[in-house]
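See below for start09.pdb, which holds PDB, C-alpha atoms.
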ATOM      1  CA  CYS A   1    -141.781  36.223-139.622
ATOM      2  CA  PRO A   2    -141.042  32.486-139.378
ATOM      3  CA  GLY A   3    -137.414  31.442-139.366
ATOM      4  CA  ASP A   4    -135.611  29.553-142.105
ATOM      5  CA  ILE A   5    -136.662  25.949-142.690
ATOM      6  CA  ILE A   6    -133.919  23.523-143.712
ATOM      7  CA  VAL A   7    -135.040  20.304-145.412
ATOM      8  CA  HIS A   8    -132.599  17.414-145.813
ATOM      9  CA  LEU A   9    -133.439  15.191-148.781
ATOM     10  CA  GLY A  10    -132.503  11.541-148.982
ATOM     11  CA  ALA A  11    -130.673   9.876-151.826
ATOM     12  CA  ASP A  12    -132.512  10.172-155.162
ATOM     13  CA  GLU A  13    -135.049  12.616-153.657
ATOM     14  CA  CYS A  14    -135.736  15.869-155.476
ATOM     15  CA  ASP A  15    -138.406  17.454-153.274
ATOM     16  CA  GLU A  16    -140.413  16.964-150.097
ATOM     17  CA  VAL A  17    -143.685  18.166-148.617
ATOM     18  CA  VAL A  18    -142.966  20.894-146.094
ATOM     19  CA  TRP A  19    -145.230  21.874-143.214
ATOM     20  CA  TYR A  20    -144.709  24.887-141.003
ATOM     21  CA  ASP A  21    -146.531  26.876-138.334
ATOM     22  CA  GLU A  22    -148.847  29.376-139.984
ATOM     23  CA  PRO A  23    -147.982  32.994-139.142
ATOM     24  CA  TYR A  24    -150.575  35.012-137.264
ATOM     25  CA  ALA A  25    -150.944  38.493-135.831
ATOM     26  CA  THR A  26    -152.793  40.124-132.960
ATOM     27  CA  ASP A  27    -153.321  43.652-131.790
ATOM     28  CA  ASN A  28    -155.277  45.402-129.047
ATOM     29  CA  CYS A  29    -157.972  46.704-131.410
ATOM     30  CA  GLU A  30    -159.242  43.467-132.951
ATOM     31  CA  PHE A  31    -162.817  43.928-131.729
ATOM     32  CA  MET A  32    -164.523  47.073-130.548
ATOM     33  CA  PHE A  33    -168.080  47.822-129.512
ATOM     34  CA  THR A  34    -170.352  50.648-130.550
ATOM     35  CA  THR A  35    -173.727  51.601-129.096
ATOM     36  CA  GLY A  36    -176.999  51.969-130.950
ATOM     37  CA  MET A  37    -180.728  52.392-130.526
ATOM     38  CA  ILE A  38    -183.811  51.436-132.507
ATOM     39  CA  GLN A  39    -187.067  53.306-131.918
ATOM     40  CA  SER A  40    -190.574  52.331-132.933
ATOM     41  CA  THR A  41    -192.932  55.201-132.076
ATOM     42  CA  PHE A  42    -194.283  57.125-129.112
ATOM     43  CA  SER A  43    -197.447  58.269-130.919
ATOM     44  CA  SER A  44    -199.794  56.053-128.927
ATOM     45  CA  ASN A  45    -203.543  55.609-129.323
ATOM     46  CA  ASN A  46    -204.303  52.458-127.314
ATOM     47  CA  GLN A  47    -203.225  50.677-124.141
ATOM     48  CA  PHE A  48    -203.262  47.597-121.927
ATOM     49  CA  ALA A  49    -200.665  45.589-119.974
ATOM     50  CA  GLY A  50    -198.109  44.323-122.509
ATOM     51  CA  ASN A  51    -196.843  43.914-126.051
ATOM     52  CA  MET A  52    -195.231  41.160-128.106
ATOM     53  CA  PHE A  53    -193.048  41.735-131.155
ATOM     54  CA  ASP A  54    -190.179  40.155-133.099
ATOM     55  CA  LEU A  55    -186.618  41.462-133.098
ATOM     56  CA  THR A  56    -184.036  40.378-135.705
ATOM     57  CA  ASN A  57    -180.309  41.072-135.979
ATOM     58  CA  VAL A  58    -179.783  42.099-139.625
ATOM     59  CA  THR A  59    -176.012  42.629-139.332
ATOM     60  CA  GLY A  60    -173.047  40.283-139.602
ATOM     61  CA  SER A  61    -172.011  40.802-135.972
ATOM     62  CA  PRO A  62    -173.500  39.962-132.553
ATOM     63  CA  ILE A  63    -175.771  42.578-130.961
ATOM     64  CA  THR A  64    -176.471  42.686-127.212
ATOM     65  CA  ILE A  65    -179.519  44.446-125.769
ATOM     66  CA  THR A  66    -178.580  46.699-122.857
ATOM     67  CA  SER A  67    -181.930  48.309-121.965
ATOM     68  CA  PHE A  68    -185.394  49.332-123.126
ATOM     69  CA  ASP A  69    -187.631  52.390-122.884
ATOM     70  CA  GLY A  70    -191.399  52.037-122.746
ATOM     71  CA  ASN A  71    -194.496  54.250-122.864
ATOM     72  CA  VAL A  72    -196.713  54.406-119.775
ATOM     73  CA  ASN A  73    -200.004  56.230-119.342
ATOM     74  CA  ALA A  74    -198.971  57.927-116.103
ATOM     75  CA  ALA A  75    -197.654  61.242-114.883
ATOM     76  CA  SER A  76    -193.913  61.658-114.600
ATOM     77  CA  GLY A  77    -192.242  60.311-111.477
ATOM     78  CA  GLN A  78    -194.602  57.427-110.682
ATOM     79  CA  PRO A  79    -193.233  54.010-109.617
ATOM     80  CA  ALA A  80    -193.684  51.190-112.137
ATOM     81  CA  THR A  81    -192.489  47.604-112.500
ATOM     82  CA  PHE A  82    -191.596  45.897-115.775
ATOM     83  CA  GLU A  83    -190.630  42.413-116.889
ATOM     84  CA  VAL A  84    -189.292  41.413-120.306
ATOM     85  CA  PHE A  85    -189.501  37.882-121.714
ATOM     86  CA  TYR A  86    -187.861  36.423-124.816
ATOM     87  CA  ARG A  87    -188.036  33.250-126.880
ATOM     88  CA  THR A  88    -185.963  31.895-129.760
ATOM     89  CA  GLY A  89    -187.764  32.559-133.041
ATOM     90  CA  THR A  90    -190.995  34.449-133.524
ATOM     91  CA  TYR A  91    -193.623  35.177-130.888
ATOM     92  CA  VAL A  92    -196.319  34.260-133.449
ATOM     93  CA  GLY A  93    -198.183  31.169-132.338
ATOM     94  CA  PHE A  94    -196.936  31.475-128.757
ATOM     95  CA  GLU A  95    -198.918  34.488-127.557
ATOM     96  CA  ASN A  96    -200.856  32.437-124.981
ATOM     97  CA  ASN A  97    -198.267  29.802-124.126
ATOM     98  CA  ALA A  98    -195.532  30.483-121.554
ATOM     99  CA  ALA A  99    -193.563  27.400-122.664
ATOM    100  CA  GLY A 100    -190.325  28.396-124.357
ATOM    101  CA  TRP A 101    -190.330  31.927-122.977
ATOM    102  CA  THR A 102    -187.521  33.052-120.637
ATOM    103  CA  SER A 103    -187.502  36.096-118.375
ATOM    104  CA  MET A 104    -184.779  38.586-119.245
ATOM    105  CA  GLY A 105    -185.379  40.352-115.948
ATOM    106  CA  THR A 106    -187.684  42.424-113.773
ATOM    107  CA  VAL A 107    -187.063  46.016-112.714
ATOM    108  CA  ASN A 108    -188.626  48.803-110.686
ATOM    109  CA  THR A 109    -188.382  52.174-112.396
ATOM    110  CA  THR A 110    -189.952  55.631-112.531
ATOM    111  CA  THR A 111    -192.282  56.819-115.287
ATOM    112  CA  ALA A 112    -191.369  59.678-117.621
ATOM    113  CA  GLY A 113    -194.924  60.681-118.565
ATOM    114  CA  ILE A 114    -197.271  59.607-121.347
ATOM    115  CA  ASN A 115    -195.682  59.330-124.804
ATOM    116  CA  GLN A 116    -192.256  59.838-123.231
ATOM    117  CA  PRO A 117    -189.520  57.161-122.897
ATOM    118  CA  THR A 118    -189.737  55.540-119.467
ATOM    119  CA  PRO A 119    -186.390  53.818-118.805
ATOM    120  CA  VAL A 120    -186.525  50.039-118.361
ATOM    121  CA  PRO A 121    -182.959  48.911-117.536
ATOM    122  CA  ILE A 122    -183.326  45.246-118.486
ATOM    123  CA  GLY A 123    -180.866  43.680-120.936
ATOM    124  CA  GLY A 124    -178.234  41.050-121.528
ATOM    125  CA  LEU A 125    -179.805  39.204-124.480
ATOM    126  CA  THR A 126    -177.382  38.693-127.395
ATOM    127  CA  LEU A 127    -178.714  38.235-130.925
ATOM    128  CA  GLN A 128    -176.348  36.476-133.307
ATOM    129  CA  PRO A 129    -176.266  37.559-136.973
ATOM    130  CA  GLY A 130    -179.590  36.762-138.620
ATOM    131  CA  GLN A 131    -181.159  35.573-135.372
ATOM    132  CA  THR A 132    -184.753  36.432-134.430
ATOM    133  CA  TYR A 133    -186.208  36.550-130.936
ATOM    134  CA  GLY A 134    -189.772  37.086-129.862
ATOM    135  CA  ILE A 135    -190.011  39.769-127.163
ATOM    136  CA  TYR A 136    -192.794  40.124-124.584
ATOM    137  CA  PHE A 137    -192.668  43.527-122.863
ATOM    138  CA  VAL A 138    -194.875  43.696-119.766
ATOM    139  CA  LEU A 139    -195.921  46.417-117.348
ATOM    140  CA  THR A 140    -196.217  43.994-114.423
ATOM    141  CA  SER A 141    -197.466  46.675-112.029
ATOM    142  CA  TYR A 142    -200.538  47.243-114.275
ATOM    143  CA  PRO A 143    -202.961  48.851-113.601
ATOM    144  CA  ALA A 144    -200.648  50.956-111.446
ATOM    145  CA  PRO A 145    -199.463  53.559-112.189
ATOM    146  CA  GLY A 146    -201.406  53.270-115.467
ATOM    147  CA  SER A 147    -201.428  51.225-118.659
ATOM    148  CA  LEU A 148    -198.740  50.367-121.180
ATOM    149  CA  ARG A 149    -199.322  52.589-124.189
ATOM    150  CA  TYR A 150    -199.068  51.273-127.751
ATOM    151  CA  THR A 151    -200.306  52.098-131.241
ATOM    152  CA  ASN A 152    -202.790  50.352-133.519
ATOM    153  CA  GLY A 153    -201.182  48.983-136.659
ATOM    154  CA  ASN A 154    -198.744  46.450-138.142
ATOM    155  CA  ASN A 155    -195.429  48.200-138.612
ATOM    156  CA  THR A 156    -191.826  47.143-139.178
ATOM    157  CA  TYR A 157    -188.855  49.278-138.127
ATOM    158  CA  ASN A 158    -185.302  48.746-139.414
ATOM    159  CA  ASN A 159    -182.271  50.889-138.534
ATOM    160  CA  GLY A 160    -179.703  48.790-140.396
ATOM    161  CA  ASP A 161    -178.758  46.854-137.246
ATOM    162  CA  LEU A 162    -182.060  45.556-135.904
ATOM    163  CA  GLU A 163    -185.473  44.953-137.414
ATOM    164  CA  LEU A 164    -188.486  45.259-135.119
ATOM    165  CA  THR A 165    -191.688  43.643-136.416
ATOM    166  CA  ALA A 166    -194.858  44.506-134.505
ATOM    167  CA  GLY A 167    -196.894  43.037-132.977
ATOM    168  CA  VAL A 168    -199.771  42.293-130.598
ATOM    169  CA  GLY A 169    -201.122  43.818-127.421
ATOM    170  CA  LYS A 170    -201.663  41.701-124.319
ATOM    171  CA  ALA A 171    -204.032  41.932-121.373
ATOM    172  CA  ASN A 172    -203.050  40.645-117.955
ATOM    173  CA  PRO A 173    -202.280  38.113-116.564
ATOM    174  CA  ASN A 174    -199.105  37.303-118.475
ATOM    175  CA  PHE A 175    -199.591  34.982-121.466
ATOM    176  CA  THR A 176    -203.127  33.879-120.590
ATOM    177  CA  GLY A 177    -204.591  37.381-120.911
ATOM    178  CA  ALA A 178    -206.427  38.362-124.093
ATOM    179  CA  THR A 179    -204.398  39.013-127.264
ATOM    180  CA  PHE A 180    -205.087  41.989-129.525
ATOM    181  CA  ALA A 181    -203.713  41.764-133.076
ATOM    182  CA  GLY A 182    -202.181  44.750-134.828
ATOM    183  CA  ARG A 183    -200.649  46.579-131.864
ATOM    184  CA  VAL A 184    -197.286  48.335-132.204
ATOM    185  CA  TRP A 185    -195.058  48.434-129.148
ATOM    186  CA  ASN A 186    -193.970  51.982-128.232
ATOM    187  CA  GLY A 187    -190.356  52.262-127.180
ATOM    188  CA  ASN A 188    -186.625  52.243-127.690
ATOM    189  CA  ILE A 189    -184.169  49.354-127.553
ATOM    190  CA  HIS A 190    -180.592  50.245-126.612
ATOM    191  CA  TYR A 191    -177.784  47.881-127.576
ATOM    192  CA  THR A 192    -174.094  47.349-128.216
ATOM    193  CA  LYS A 193    -172.713  45.994-131.490
ATOM    194  CA  GLN A 194    -169.393  44.287-132.106
ATOM    195  CA  VAL A 195    -167.330  45.881-134.867
ATOM    196  CA  GLY A 196    -163.882  45.222-136.288
ATOM    197  CA  ALA A 197    -162.050  41.986-137.046
ATOM    198  CA  PRO A 198    -158.686  40.341-136.328
ATOM    199  CA  PRO A 199    -155.759  41.419-138.526
ATOM    200  CA  VAL A 200    -155.210  39.332-141.648
ATOM    201  CA  VAL A 201    -151.796  37.886-142.552
ATOM    202  CA  GLU A 202    -151.162  37.842-146.312
ATOM    203  CA  GLN A 203    -148.450  36.081-148.266
ATOM    204  CA  ILE A 204    -146.565  38.573-150.467
ATOM    205  CA  ASP A 205    -143.466  36.637-151.636
ATOM    206  CA  ASN A 206    -145.150  35.878-155.013
ATOM    207  CA  THR A 207    -143.825  32.295-155.055
ATOM    208  CA  GLY A 208    -147.268  30.738-154.914
ATOM    209  CA  TYR A 209    -146.082  28.168-152.375
ATOM    210  CA  THR A 210    -148.364  27.403-149.456
ATOM    211  CA  ASN A 211    -148.237  25.233-146.376
ATOM    212  CA  GLY A 212    -147.997  21.533-147.330
ATOM    213  CA  ASP A 213    -146.618  22.109-150.838
ATOM    214  CA  LEU A 214    -143.723  20.232-152.379
ATOM    215  CA  PHE A 215    -140.458  22.154-152.114
TER     216      PHE A 215
END
Serialized structure, structure tokens:
Amino acid sequence: CPGDIIVHLGADECDEVVWYDEPYATDNCEFMFTTGMIQSTFSSNNQFAGNMFDLTNVTGSPITITSFDGNVNAASGQPATFEVFYRTGTYVGFENNAAGWTSMGTVNTTTAGINQPTPVPIGGLTLQPGQTYGIYFVLTSYPAPGSLRYTNGNNTYNNGDLELTAGVGKANPNFTGATFAGRVWNGNIHYTKQVGAPPVVEQIDNTGYTNGDLF
């Protein structure tokens, strides 16, 4: 608590504006992080080299992508290479234009089998509350060990943290390859979410006085 404040009034003065340092509090549990995952589908019926879709943070806290899983038309245990791109705002209108897209990373991994989640440990992108990013998920080793599997349709997935709006399929090479409308990316997105808030200091003396009032 703040110490006593002594105000000396001049002759014929009855009150004076008083300013003081606002009280505050901290603890070691102000912000914590929890993990989550959003899944589209692994019921594939089509394939090529890549997918584009939109991803939106629908919470009031930042969300950071930590990794992906994809669906590859290959037997388990085969080597595969992926790259993930992102851009601020929607992918729509930028399917064939590399301008504005940034690589989130490239990784070599091992396939898990068709319609199974192949791990793609690429992450680090943080979505602020309400923010949308376009995502371009690419099997860069295509056509080895196979194709990137996806599903025909126009679906939206929402788990209360993220909303995934699909999407288009892409042929190779990146960006300039043919675009196929109505293709749903197959996969999981793993992430961390900030929860909690700093402690709040409340005035409980019932005087109604606040900083800068006349006393």
*stretch 165-173 of chain A: which residues within 7 Å, counting only C-alpha atoms, same-chain residues fewer than 4 positions away excluded, as a PyMOL selection string?*
chain A and resi 48-55+154-157+177-185
*Identify, on the basis of all atoms listed in the file, every residue whose closest approach to A:Ala75 does not exceed 8 Å; exclude the query and any residue fewer than 3 positions from it along the same chain; express the result as a ChimeraX atom specification.*
/A:78,111-114
*Output check: residues returned by the PyMOL selection byres ((chain A and resi 42) around 12), as a PyMOL selection string*: chain A and resi 39-41+43-46+69-73+113-118+148-152+184-188
_One decimal, in Å: what's the spacing between atom CA of A:Ala144 and atom CA of A:Asn174?_
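Separation between atom CA of A:Ala144 and atom CA of A:Asn174: 15.4 Å.
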*Which residue, A:Pro143, A:Pro119, A:Gly124, A:Gly134, has the smallest gap to A:Leu164 when you use all atoms listed in the file?*
A:Gly134
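Straight-line separation from atom CA of A:Ser61 to atom CA of A:Gly130: 9.0 Å.
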_Please list as a PyMOL selection string every residue within 10 Å of A:Pro121, counting only C-alpha atoms and excluding residues in the same chain fewer than 4 positions away._
chain A and resi 65-69+82+105-109+190
Keeping only C-alpha atoms, write those residues as a JSON list (two decimals), keeping the file's coordinate frame.
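So result09.json came out as:
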[["chain", "number", "residue", "atom", "x", "y", "z"],
["A", 65, "ILE", "CA", -179.52, 44.45, -125.77],
["A", 66, "THR", "CA", -178.58, 46.70, -122.86],
["A", 67, "SER", "CA", -181.93, 48.31, -121.96],
["A", 68, "PHE", "CA", -185.39, 49.33, -123.13],
["A", 69, "ASP", "CA", -187.63, 52.39, -122.88],
["A", 82, "PHE", "CA", -191.60, 45.90, -115.78],
["A", 105, "GLY", "CA", -185.38, 40.35, -115.95],
["A", 106, "THR", "CA", -187.68, 42.42, -113.77],
["A", 107, "VAL", "CA", -187.06, 46.02, -112.71],
["A", 108, "ASN", "CA", -188.63, 48.80, -110.69],
["A", 109, "THR", "CA", -188.38, 52.17, -112.40],
["A", 190, "HIS", "CA", -180.59, 50.24, -126.61]]
*With distances taken over only C-alpha atoms, which of A:Asn57, A:Thr34, A:Asn159, A:Thr210 is nearest to A:Gly89?*
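Between A:Asn57, A:Thr34, A:Asn159, A:Thr210, the residue approaching A:Gly89 most closely is A:Asn57.
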Could you write out as a PDB file with C-alpha atoms, in the coordinates of the input the residues that the PyMOL selection byres ((chain A and resi 58) around 9) matches in the shown file?
ATOM      1  CA  THR A  56    -184.036  40.378-135.705  1.00  0.00           C
ATOM      2  CA  ASN A  57    -180.309  41.072-135.979  1.00  0.00           C
ATOM      3  CA  THR A  59    -176.012  42.629-139.332  1.00  0.00           C
ATOM      4  CA  GLY A  60    -173.047  40.283-139.602  1.00  0.00           C
ATOM      5  CA  SER A  61    -172.011  40.802-135.972  1.00  0.00           C
ATOM      6  CA  PRO A 129    -176.266  37.559-136.973  1.00  0.00           C
ATOM      7  CA  GLY A 130    -179.590  36.762-138.620  1.00  0.00           C
ATOM      8  CA  GLN A 131    -181.159  35.573-135.372  1.00  0.00           C
ATOM      9  CA  ASN A 158    -185.302  48.746-139.414  1.00  0.00           C
ATOM     10  CA  GLY A 160    -179.703  48.790-140.396  1.00  0.00           C
ATOM     11  CA  ASP A 161    -178.758  46.854-137.246  1.00  0.00           C
ATOM     12  CA  LEU A 162    -182.060  45.556-135.904  1.00  0.00           C
ATOM     13  CA  GLU A 163    -185.473  44.953-137.414  1.00  0.00           C
TER      14      GLU A 163
END
*Return the single residue from A:Thr192, A:Ser76, A:Thr110, A:Ser103 that is closest to A:Ile122, with distances computed using all atoms listed in the file.*
A:Ser103
*asked:* Between atom CA of A:Glu22 and atom CA of A:Val7, what is the distance in Å, rounded to a tenth?
replied: 17.4 Å
*Output check: residues returned by the PyMOL selection byres ((chain A and resi 93-95) around 9), as an MDAnalysis selection string*: chainID A and resid 52 90:92 96:101 136 168 170 175:176 179
